[in-house]
Amino acid sequence: MKLSRISRAGSAVLVGALALTLAACGSDDPTGSGSAAPEESASGDLSGTLAGAGASSQESAMEAWRAGFQSQNPDVTVNYDPAGSGAGREQFLAGGVAFAGSDAALDDEELTTSQEVCGPDGAIDIPVYVSPIAVAFNLPGVDSLNLAPATIAGIFSGKITTWNDEAIAADNPGVELPDTAVTPVHRSDDSGTTENFTEYLAATAPDAWTWEADGVFPEDISGGESAQGTSGVVQAVQSAEGAVTYADASKVGELATASIKVGEEWVPFSPEAAAATVDASPRVEGRHEHDIAVEIDRTTTEAGVYPLVLVSYGIACLSYSDAEQGELVKGFLSYIVSEEGQQAAADAAGSAPLSEGIATDAQAAIEAITVG
């Protein structure tokens, strides 16, 4: 990856990253930890500007990661544009940013394309952020609901149009449900959260959700509303009674949320249940030994798991021709997957820290990145 290409395109992400920069500067405790800034680490001799783009689900965690890493490396500036997973992968594969954040791993075609910017070894997917996807709604007087996969599919396919629909009532016996209109809100951008959500519905409710998993919400579903990014869909639901969306749980705030049916249990989202799902899931086969793409088992019925979950990745080249950029990527990703970095994300975003096994594999993958 050539520095000249990153420098030219890097300026394009500065506007999108400005909000993160201001947020980090405007907070007395941007990591959410409540503790003093960590002491400068051994990697404190790093310097330069690092540009990344991608998943908006990582936004809160990214603020904490940037603050923690830059406090240890005061001569480094990290910019991140939370433009969405699809946009982040596109910028990375075009050589515009040195790393990407994505709620979906690179597919086979994207892995092949990555060789054009990364060289023959291509790129790898490194888990950095595990979080449940919440089904969040605005229904005054109703603080929580149970929603089976087929019911969720009915809501977002437009077949369920009022909150007192018999399918919702069957999931919630004894709950007084209003006849308020249901307004489903989906992402308007190419979103890894959408891909995870539609993958979950396709796997768990194939009769009610007949579309394939995709980062772009099905265009042939009429009704409802759309909004850009995680914050956009949450804001849309906050402002409209009867609205419902799917979003990274760290962003839903005071909105009511649903428990989902797993086997015979109703399971609310939690970092622990999300982490349990990831640990019980296999790796995607046929990848580079340091590519840690996870194949989430959406249909598991194990106790205590929450399979409506996303694994968000840091996407990086296995080889950087520009030594400065390569060292910055390695240093930043190493901080992110470290115990300190994962705790900072958990404090700031409520995410589930990586398990010891995945964290160890992630660090080994980062160490395998070559520079210069």
# chains A, B, ... in the order shown; residues from 1 in each chain; ligands from 1
>>> residues_around(residues="A:Ala273", least_positions_apart="6", cutoff="7 Å", atoms="only C-alpha atoms", output="ChimeraX atom specification")
/A:304-306
>>> write_last_selection(atoms="all heavy atoms", output="PDB file, in the first residue's frame")
ATOM      1  N   GLY A 304     -28.294 -19.726  27.115  1.00  0.00           N
ATOM      2  CA  GLY A 304     -27.540 -18.521  27.429  1.00  0.00           C
ATOM      3  C   GLY A 304     -26.866 -17.835  26.269  1.00  0.00           C
ATOM      4  O   GLY A 304     -26.082 -16.905  26.473  1.00  0.00           O
ATOM      5  N   VAL A 305     -27.159 -18.250  25.025  1.00  0.00           N
ATOM      6  CA  VAL A 305     -26.534 -17.589  23.877  1.00  0.00           C
ATOM      7  C   VAL A 305     -27.536 -16.624  23.239  1.00  0.00           C
ATOM      8  O   VAL A 305     -28.748 -16.766  23.391  1.00  0.00           O
ATOM      9  CB  VAL A 305     -26.030 -18.598  22.822  1.00  0.00           C
ATOM     10  CG1 VAL A 305     -25.021 -19.543  23.437  1.00  0.00           C
ATOM     11  CG2 VAL A 305     -27.184 -19.370  22.207  1.00  0.00           C
ATOM     12  N   TYR A 306     -27.000 -15.654  22.522  1.00  0.00           N
ATOM     13  CA  TYR A 306     -27.812 -14.647  21.830  1.00  0.00           C
ATOM     14  C   TYR A 306     -27.284 -14.564  20.400  1.00  0.00           C
ATOM     15  O   TYR A 306     -26.336 -13.822  20.110  1.00  0.00           O
ATOM     16  CB  TYR A 306     -27.686 -13.301  22.546  1.00  0.00           C
ATOM     17  CG  TYR A 306     -28.567 -12.190  21.996  1.00  0.00           C
ATOM     18  CD1 TYR A 306     -29.850 -11.993  22.483  1.00  0.00           C
ATOM     19  CD2 TYR A 306     -28.100 -11.329  21.009  1.00  0.00           C
ATOM     20  CE1 TYR A 306     -30.663 -10.975  22.004  1.00  0.00           C
ATOM     21  CE2 TYR A 306     -28.899 -10.307  20.515  1.00  0.00           C
ATOM     22  CZ  TYR A 306     -30.176 -10.129  21.013  1.00  0.00           C
ATOM     23  OH  TYR A 306     -30.977  -9.114  20.536  1.00  0.00           O
TER      24      TYR A 306
END
>>> residues_around(residues="stretch 350-359 of chain A", least_positions_apart="6", cutoff="8 Å", atoms="only C-alpha atoms", output="CSV table (one decimal) with N, CA and C atoms, in the first residue's frame")
chain,number,residue,atom,x,y,z
A,127,PRO,N,-11.0,-10.1,14.2
A,127,PRO,CA,-12.1,-9.7,15.1
A,127,PRO,C,-11.6,-8.7,16.1
A,128,VAL,N,-12.3,-7.6,16.3
A,128,VAL,CA,-11.9,-6.6,17.2
A,128,VAL,C,-13.1,-6.2,18.1
A,129,TYR,N,-14.3,-6.5,17.8
A,129,TYR,CA,-15.5,-6.0,18.5
A,129,TYR,C,-16.6,-7.0,18.4
A,130,VAL,N,-17.1,-7.4,19.5
A,130,VAL,CA,-18.3,-8.4,19.5
A,130,VAL,C,-19.4,-7.7,20.2
A,131,SER,N,-20.6,-7.6,19.6
A,131,SER,CA,-21.7,-6.9,20.2
A,131,SER,C,-23.0,-7.5,19.8
A,132,PRO,N,-24.0,-7.6,20.7
A,132,PRO,CA,-25.3,-8.0,20.2
A,132,PRO,C,-26.0,-7.0,19.4
A,249,ALA,N,-26.2,-2.8,19.9
A,249,ALA,CA,-26.8,-2.6,21.2
A,249,ALA,C,-26.2,-1.4,22.0
A,250,SER,N,-25.0,-1.0,21.7
A,250,SER,CA,-24.3,0.1,22.4
A,250,SER,C,-25.0,1.4,22.1
A,271,PRO,N,-23.7,-8.6,26.6
A,271,PRO,CA,-22.4,-8.9,26.1
A,271,PRO,C,-22.0,-10.4,26.4
A,272,GLU,N,-22.3,-10.9,27.5
A,272,GLU,CA,-22.0,-12.3,27.9
A,272,GLU,C,-22.6,-13.3,26.9
A,274,ALA,N,-23.7,-12.6,23.9
A,274,ALA,CA,-23.1,-12.4,22.6
A,274,ALA,C,-21.7,-13.2,22.5
A,275,ALA,N,-20.9,-13.0,23.5
A,275,ALA,CA,-19.6,-13.7,23.5
A,275,ALA,C,-19.7,-15.2,23.5
A,279,ASP,N,-18.0,-17.8,20.7
A,279,ASP,CA,-17.1,-18.8,21.1
A,279,ASP,C,-17.6,-20.2,20.7
A,337,VAL,N,-6.9,-5.1,20.3
A,337,VAL,CA,-7.2,-6.5,20.7
A,337,VAL,C,-6.6,-6.8,22.1
A,338,SER,N,-5.8,-5.9,22.6
A,338,SER,CA,-5.2,-6.1,23.9
A,338,SER,C,-6.3,-6.1,25.0
A,339,GLU,N,-5.9,-6.6,26.2
A,339,GLU,CA,-6.9,-6.6,27.3
A,339,GLU,C,-7.3,-5.2,27.6
A,342,GLN,N,-9.7,-3.9,24.8
A,342,GLN,CA,-11.0,-4.5,24.9
A,342,GLN,C,-11.8,-4.0,26.1
A,343,GLN,N,-11.1,-3.8,27.2
A,343,GLN,CA,-11.8,-3.2,28.3
A,343,GLN,C,-12.3,-1.8,28.1
>>> select_by_dssp(residues="stretch 120-335 of chain A", states="helix (DSSP H, G or I)", output="VMD selection string")
chain A and resid 149 to 157 166 to 171 192 to 204 229 to 238 249 to 251 271 to 279 323 to 335
>>> closest_residue(among="A:Ser319, A:Gln91, A:Thr300, A:Ser259", to="A:Ile152", atoms="only C-alpha atoms")
A:Ser259
>>> closest_residue(among="A:Ala364, A:Ala64, A:Ile160, A:Ala348", to="A:Thr180", atoms="only C-alpha atoms")
A:Ile160
>>> residues_around(residues="A:Ser222", least_positions_apart="5", cutoff="12 Å", atoms="only C-alpha atoms", output="list in words")
Ile155, Phe156, Ser157, Gly158, Lys159, Thr161, Thr183, Pro184, Val185, His186 and Phe217 of chain A
>>> closest_residue(among="A:Thr245, A:Ser281, A:Ser188, A:Gln325", to="A:Leu50", atoms="only C-alpha atoms")
A:Gln325
>>> atom_distance(atom1="atom CA of A:Val244", atom2="atom CA of A:Glu90")
29.0 Å
>>> residues_around(residues="A:Gln115", least_positions_apart="2", cutoff="12 Å", atoms="only C-alpha atoms", output="list in words")
Met1, Phe92, Leu93, Ala94, Gly95, Asp108, Glu109, Glu110, Leu111, Thr112, Thr113, Val117, Cys118, Gly119, Pro120, Asp121, Gly122, Ala123, Ile124, Ala316, Cys317, Leu318, Ser319 and Tyr320 of chain A
>>> atom_distance(atom1="atom CA of A:Pro82", atom2="atom CA of A:Glu59")
6.3 Å
>>> select_by_dssp(residues="stretch 88-296 of chain A", states="strand (DSSP E)", output="number ranges by chain")
A: 99-102, 123-137, 144-147, 183-187, 225-227, 243-248, 256-262, 265-267
>>> closest_residue(among="A:Ala280, A:Ala256, A:Leu147, A:Val78", to="A:Glu166", atoms="only C-alpha atoms")
A:Leu147
